Amino acid sequence: MTKPTLDRRQVLETLFPQPADHLFVSGLAGASKDAAGLTDDGDNLFTMAGTMGAAVPMGLGMALAAPEAKVAVITGDGEMLMMMGALATVASMAPANLSIVCLDNGCHGETGGQPGHTAMRTDLAKIGAGAGLPSTLTITGVDELNKGARFLQEAKGPRLLVVRITDGPATAYLRNMDPAACRLRFRNAYLGIR
């Protein structure tokens with residue numbers, strides 16, 4: 001497996017040059033901090049807390065409910081492994097408007113940095129392809145970021161982009177942690193797109 005050289009804090013702004021055009025769902029802490037940094041904790045971002053593995057199923061529901069919206073899930077490798085069956089459901093339901101971006105640092109950052117399966121032999125893009133997703137891609141370096149951005153714009157959906165990143169800190173962004181307020185503002189953004 002190619003060793004990643006990407007700093008997670010440099011990834012999302014290239015992959016999503018127009019973040020206001022998407023509804024985002026993000027997973028646990030690192031993914032949510034990175035997504036909040038991208039959107040300036042915008043109304044179009046629904047962040048998860050304490051719900052490991054729920055970002056992909058939540059994004060699937062949003063994509064099915066709002067087929068005219070571009071829905072993007074930002075999650076991590078630990079979360080993807082926690083809820084692998086969700087990829088099969090995404091493939092079966094086949095929402096063309098859903099993109100899943102997995103920030104894969106090969107470790108469990110929330111629990112002490114223990115090596116994860118993707119640091120060894122597990123390939124999440126191959127798992128996604130095996131689940132039936134029509135489009136999967138893995139990128140590992142800065143020179144591939146534009147390829148990843150084109151993939152998210154042009155590849156048949158639902159699509160899975162695995163971004164192999166170095167084990168480093170997430171974006172230093174203090175997002176709103178009030179679940180009720182976040183739910184209401186996202187609802188309004190969702191209704192505005194519909």
# chains A, B, ... in the order shown; residues from 1 in each chain; ligands from 1
call {"tool": "closest_atom_pairs", "arguments": {"of": "range 94-156 of chain A", "to": "range 18-28 of chain A", "cutoff": "10 Å", "atoms": "only C-alpha atoms", "output": "Markdown table"}}
result
| residue | atom | partner | partner_atom | distance |
| --- | --- | --- | --- | --- |
| A:Asn97 | CA | A:His22 | CA | 9.9 |
| A:Leu98 | CA | A:Leu23 | CA | 9.8 |
| A:Ser99 | CA | A:Phe24 | CA | 9.6 |
| A:Ile100 | CA | A:Val25 | CA | 9.5 |
| A:Val101 | CA | A:Ser26 | CA | 9.5 |
| A:Cys102 | CA | A:Gly27 | CA | 9.7 |
| A:Glu110 | CA | A:Leu28 | CA | 8.4 |
call {"tool": "closest_atom_pairs", "arguments": {"of": "range 39-75 of chain A", "to": "range 156-176 of chain A", "cutoff": "12 Å", "atoms": "only C-alpha atoms", "output": "Markdown table"}}
result
| residue | atom | partner | partner_atom | distance |
| --- | --- | --- | --- | --- |
| A:Thr39 | CA | A:Arg175 | CA | 10.4 |
| A:Asp40 | CA | A:Arg175 | CA | 8.4 |
| A:Asp41 | CA | A:Arg175 | CA | 6.0 |
| A:Gly42 | CA | A:Arg175 | CA | 9.5 |
| A:Asp43 | CA | A:Asn176 | CA | 10.7 |
| A:Leu45 | CA | A:Arg175 | CA | 10.4 |
| A:Phe46 | CA | A:Asn176 | CA | 10.4 |
| A:Thr47 | CA | A:Arg175 | CA | 9.0 |
| A:Met48 | CA | A:Asn176 | CA | 11.2 |
| A:Ala49 | CA | A:Asn176 | CA | 11.2 |
| A:Val56 | CA | A:Leu160 | CA | 10.6 |
| A:Gly59 | CA | A:Pro158 | CA | 11.0 |
| A:Leu60 | CA | A:Pro158 | CA | 9.4 |
| A:Ala63 | CA | A:Pro158 | CA | 9.6 |
| A:Leu64 | CA | A:Pro158 | CA | 11.1 |
| A:Pro67 | CA | A:Gly157 | CA | 11.6 |
| A:Lys70 | CA | A:Gly157 | CA | 10.5 |
| A:Val71 | CA | A:Pro158 | CA | 9.9 |
| A:Ala72 | CA | A:Arg159 | CA | 9.7 |
| A:Val73 | CA | A:Leu160 | CA | 9.4 |
| A:Ile74 | CA | A:Leu161 | CA | 9.8 |
| A:Thr75 | CA | A:Val162 | CA | 9.7 |
call {"tool": "write_last_selection", "arguments": {"atoms": "N, CA and C atoms", "output": "PDB file, in the first residue's frame"}}
result
ATOM      1  N   THR A  39     -16.760  24.501   5.726  1.00  0.00           N
ATOM      2  CA  THR A  39     -18.026  25.225   5.544  1.00  0.00           C
ATOM      3  C   THR A  39     -18.154  26.430   6.466  1.00  0.00           C
ATOM      4  N   ASP A  40     -17.139  26.693   7.288  1.00  0.00           N
ATOM      5  CA  ASP A  40     -17.231  27.706   8.343  1.00  0.00           C
ATOM      6  C   ASP A  40     -18.415  27.375   9.250  1.00  0.00           C
ATOM      7  N   ASP A  41     -18.533  26.076   9.568  1.00  0.00           N
ATOM      8  CA  ASP A  41     -19.619  25.555  10.400  1.00  0.00           C
ATOM      9  C   ASP A  41     -20.971  26.014   9.856  1.00  0.00           C
ATOM     10  N   GLY A  42     -21.117  25.890   8.546  1.00  0.00           N
ATOM     11  CA  GLY A  42     -22.290  26.412   7.848  1.00  0.00           C
ATOM     12  C   GLY A  42     -23.564  25.646   8.109  1.00  0.00           C
ATOM     13  N   ASP A  43     -24.654  26.277   7.726  1.00  0.00           N
ATOM     14  CA  ASP A  43     -25.974  25.676   7.901  1.00  0.00           C
ATOM     15  C   ASP A  43     -26.137  24.393   7.097  1.00  0.00           C
ATOM     16  N   LEU A  45     -24.169  21.943   6.949  1.00  0.00           N
ATOM     17  CA  LEU A  45     -23.371  20.871   7.556  1.00  0.00           C
ATOM     18  C   LEU A  45     -24.103  20.283   8.753  1.00  0.00           C
ATOM     19  N   PHE A  46     -24.287  18.967   8.726  1.00  0.00           N
ATOM     20  CA  PHE A  46     -24.848  18.244   9.871  1.00  0.00           C
ATOM     21  C   PHE A  46     -23.745  17.369  10.437  1.00  0.00           C
ATOM     22  N   THR A  47     -23.248  17.721  11.608  1.00  0.00           N
ATOM     23  CA  THR A  47     -22.146  16.972  12.204  1.00  0.00           C
ATOM     24  C   THR A  47     -22.668  15.958  13.211  1.00  0.00           C
ATOM     25  N   MET A  48     -21.969  14.852  13.298  1.00  0.00           N
ATOM     26  CA  MET A  48     -22.339  13.797  14.241  1.00  0.00           C
ATOM     27  C   MET A  48     -21.434  13.884  15.474  1.00  0.00           C
ATOM     28  N   ALA A  49     -21.940  13.416  16.577  1.00  0.00           N
ATOM     29  CA  ALA A  49     -21.154  13.327  17.807  1.00  0.00           C
ATOM     30  C   ALA A  49     -21.624  12.091  18.561  1.00  0.00           C
ATOM     31  N   VAL A  56     -22.643   7.576   7.139  1.00  0.00           N
ATOM     32  CA  VAL A  56     -23.031   7.056   5.820  1.00  0.00           C
ATOM     33  C   VAL A  56     -24.526   6.744   5.768  1.00  0.00           C
ATOM     34  N   GLY A  59     -26.305  10.081   5.568  1.00  0.00           N
ATOM     35  CA  GLY A  59     -26.141  10.675   4.246  1.00  0.00           C
ATOM     36  C   GLY A  59     -26.989   9.981   3.196  1.00  0.00           C
ATOM     37  N   LEU A  60     -27.101   8.667   3.298  1.00  0.00           N
ATOM     38  CA  LEU A  60     -27.953   7.914   2.374  1.00  0.00           C
ATOM     39  C   LEU A  60     -29.396   8.396   2.474  1.00  0.00           C
ATOM     40  N   ALA A  63     -29.714  11.801   0.855  1.00  0.00           N
ATOM     41  CA  ALA A  63     -29.625  11.735  -0.606  1.00  0.00           C
ATOM     42  C   ALA A  63     -30.917  11.205  -1.220  1.00  0.00           C
ATOM     43  N   LEU A  64     -31.533  10.230  -0.558  1.00  0.00           N
ATOM     44  CA  LEU A  64     -32.794   9.688  -1.061  1.00  0.00           C
ATOM     45  C   LEU A  64     -33.934  10.685  -0.895  1.00  0.00           C
ATOM     46  N   PRO A  67     -33.234  14.158  -3.803  1.00  0.00           N
ATOM     47  CA  PRO A  67     -32.474  13.704  -4.972  1.00  0.00           C
ATOM     48  C   PRO A  67     -31.929  14.835  -5.840  1.00  0.00           C
ATOM     49  N   LYS A  70     -26.888  17.848  -3.936  1.00  0.00           N
ATOM     50  CA  LYS A  70     -25.625  17.127  -3.876  1.00  0.00           C
ATOM     51  C   LYS A  70     -25.346  16.852  -2.404  1.00  0.00           C
ATOM     52  N   VAL A  71     -25.290  15.586  -2.028  1.00  0.00           N
ATOM     53  CA  VAL A  71     -25.063  15.195  -0.641  1.00  0.00           C
ATOM     54  C   VAL A  71     -23.681  14.565  -0.534  1.00  0.00           C
ATOM     55  N   ALA A  72     -22.913  15.023   0.451  1.00  0.00           N
ATOM     56  CA  ALA A  72     -21.560  14.493   0.647  1.00  0.00           C
ATOM     57  C   ALA A  72     -21.379  14.092   2.111  1.00  0.00           C
ATOM     58  N   VAL A  73     -20.906  12.888   2.311  1.00  0.00           N
ATOM     59  CA  VAL A  73     -20.559  12.385   3.635  1.00  0.00           C
ATOM     60  C   VAL A  73     -19.052  12.507   3.793  1.00  0.00           C
ATOM     61  N   ILE A  74     -18.613  13.092   4.909  1.00  0.00           N
ATOM     62  CA  ILE A  74     -17.193  13.157   5.255  1.00  0.00           C
ATOM     63  C   ILE A  74     -17.025  12.289   6.495  1.00  0.00           C
ATOM     64  N   THR A  75     -16.258  11.225   6.389  1.00  0.00           N
ATOM     65  CA  THR A  75     -16.130  10.287   7.495  1.00  0.00           C
ATOM     66  C   THR A  75     -14.698   9.766   7.573  1.00  0.00           C
TER      67      THR A  75
END
call {"tool": "closest_residue", "arguments": {"among": "A:Pro95, A:Gly53, A:Gly85, A:Gly76", "to": "Arg8 in chain A", "atoms": "only C-alpha atoms"}}
result
A:Gly76
call {"tool": "atom_distance", "arguments": {"atom1": "CA of Ala29 in chain A", "atom2": "CA of Leu6 in chain A"}}
result
18.5 Å
call {"tool": "atom_distance", "arguments": {"atom1": "CA of Leu152 in chain A", "atom2": "CA of Thr136 in chain A"}}
result
9.8 Å
call {"tool": "atom_distance", "arguments": {"atom1": "CA of Asp178 in chain A", "atom2": "CA of Asn44 in chain A"}}
result
15.3 Å
call {"tool": "select_by_dssp", "arguments": {"residues": "range 47-111 of chain A", "states": "helix (DSSP H, G or I)", "output": "PDB file with C-alpha atoms, in the first residue's frame"}}
result
ATOM      1  CA  ALA A  55     -22.650   9.250   8.926  1.00  0.00           C
ATOM      2  CA  VAL A  56     -23.031   7.056   5.820  1.00  0.00           C
ATOM      3  CA  PRO A  57     -26.559   5.830   6.694  1.00  0.00           C
ATOM      4  CA  MET A  58     -27.575   9.412   7.541  1.00  0.00           C
ATOM      5  CA  GLY A  59     -26.141  10.675   4.246  1.00  0.00           C
ATOM      6  CA  LEU A  60     -27.953   7.914   2.374  1.00  0.00           C
ATOM      7  CA  GLY A  61     -31.268   9.000   3.883  1.00  0.00           C
ATOM      8  CA  MET A  62     -30.596  12.612   2.962  1.00  0.00           C
ATOM      9  CA  ALA A  63     -29.625  11.735  -0.606  1.00  0.00           C
ATOM     10  CA  LEU A  64     -32.794   9.688  -1.061  1.00  0.00           C
ATOM     11  CA  ALA A  65     -34.985  12.390   0.481  1.00  0.00           C
ATOM     12  CA  ASP A  77     -11.766   4.850   8.222  1.00  0.00           C
ATOM     13  CA  GLY A  78     -12.739   3.652  11.710  1.00  0.00           C
ATOM     14  CA  GLU A  79     -16.324   4.717  11.120  1.00  0.00           C
ATOM     15  CA  MET A  80     -16.417   3.073   7.701  1.00  0.00           C
ATOM     16  CA  LEU A  81     -15.229  -0.182   9.214  1.00  0.00           C
ATOM     17  CA  MET A  82     -17.788   0.107  12.026  1.00  0.00           C
ATOM     18  CA  GLY A  85     -22.891  -2.974   5.689  1.00  0.00           C
ATOM     19  CA  ALA A  86     -24.037   0.557   4.945  1.00  0.00           C
ATOM     20  CA  LEU A  87     -21.986   0.517   1.733  1.00  0.00           C
ATOM     21  CA  ALA A  88     -24.035  -2.420   0.451  1.00  0.00           C
ATOM     22  CA  THR A  89     -27.235  -0.543   1.251  1.00  0.00           C
ATOM     23  CA  VAL A  90     -25.930   2.572  -0.506  1.00  0.00           C
ATOM     24  CA  ALA A  91     -25.075   0.465  -3.560  1.00  0.00           C
ATOM     25  CA  SER A  92     -28.508  -1.207  -3.561  1.00  0.00           C
ATOM     26  CA  MET A  93     -30.419   2.080  -3.179  1.00  0.00           C
ATOM     27  CA  GLY A 109      -7.534   8.890  16.507  1.00  0.00           C
ATOM     28  CA  GLU A 110     -10.352   9.236  19.025  1.00  0.00           C
ATOM     29  CA  THR A 111      -9.145   6.417  21.252  1.00  0.00           C
TER      30      THR A 111
END
call {"tool": "select_by_dssp", "arguments": {"residues": "range 53-148 of chain A", "states": "strand (DSSP E or B)", "output": "ChimeraX atom specification"}}
result
/A:70-76,98-104,107-108,114-115,135-139
call {"tool": "closest_residue", "arguments": {"among": "A:Ala31, A:Ala181, A:Ala66, A:Leu38", "to": "Asn105 in chain A", "atoms": "only C-alpha atoms"}}
result
A:Ala31
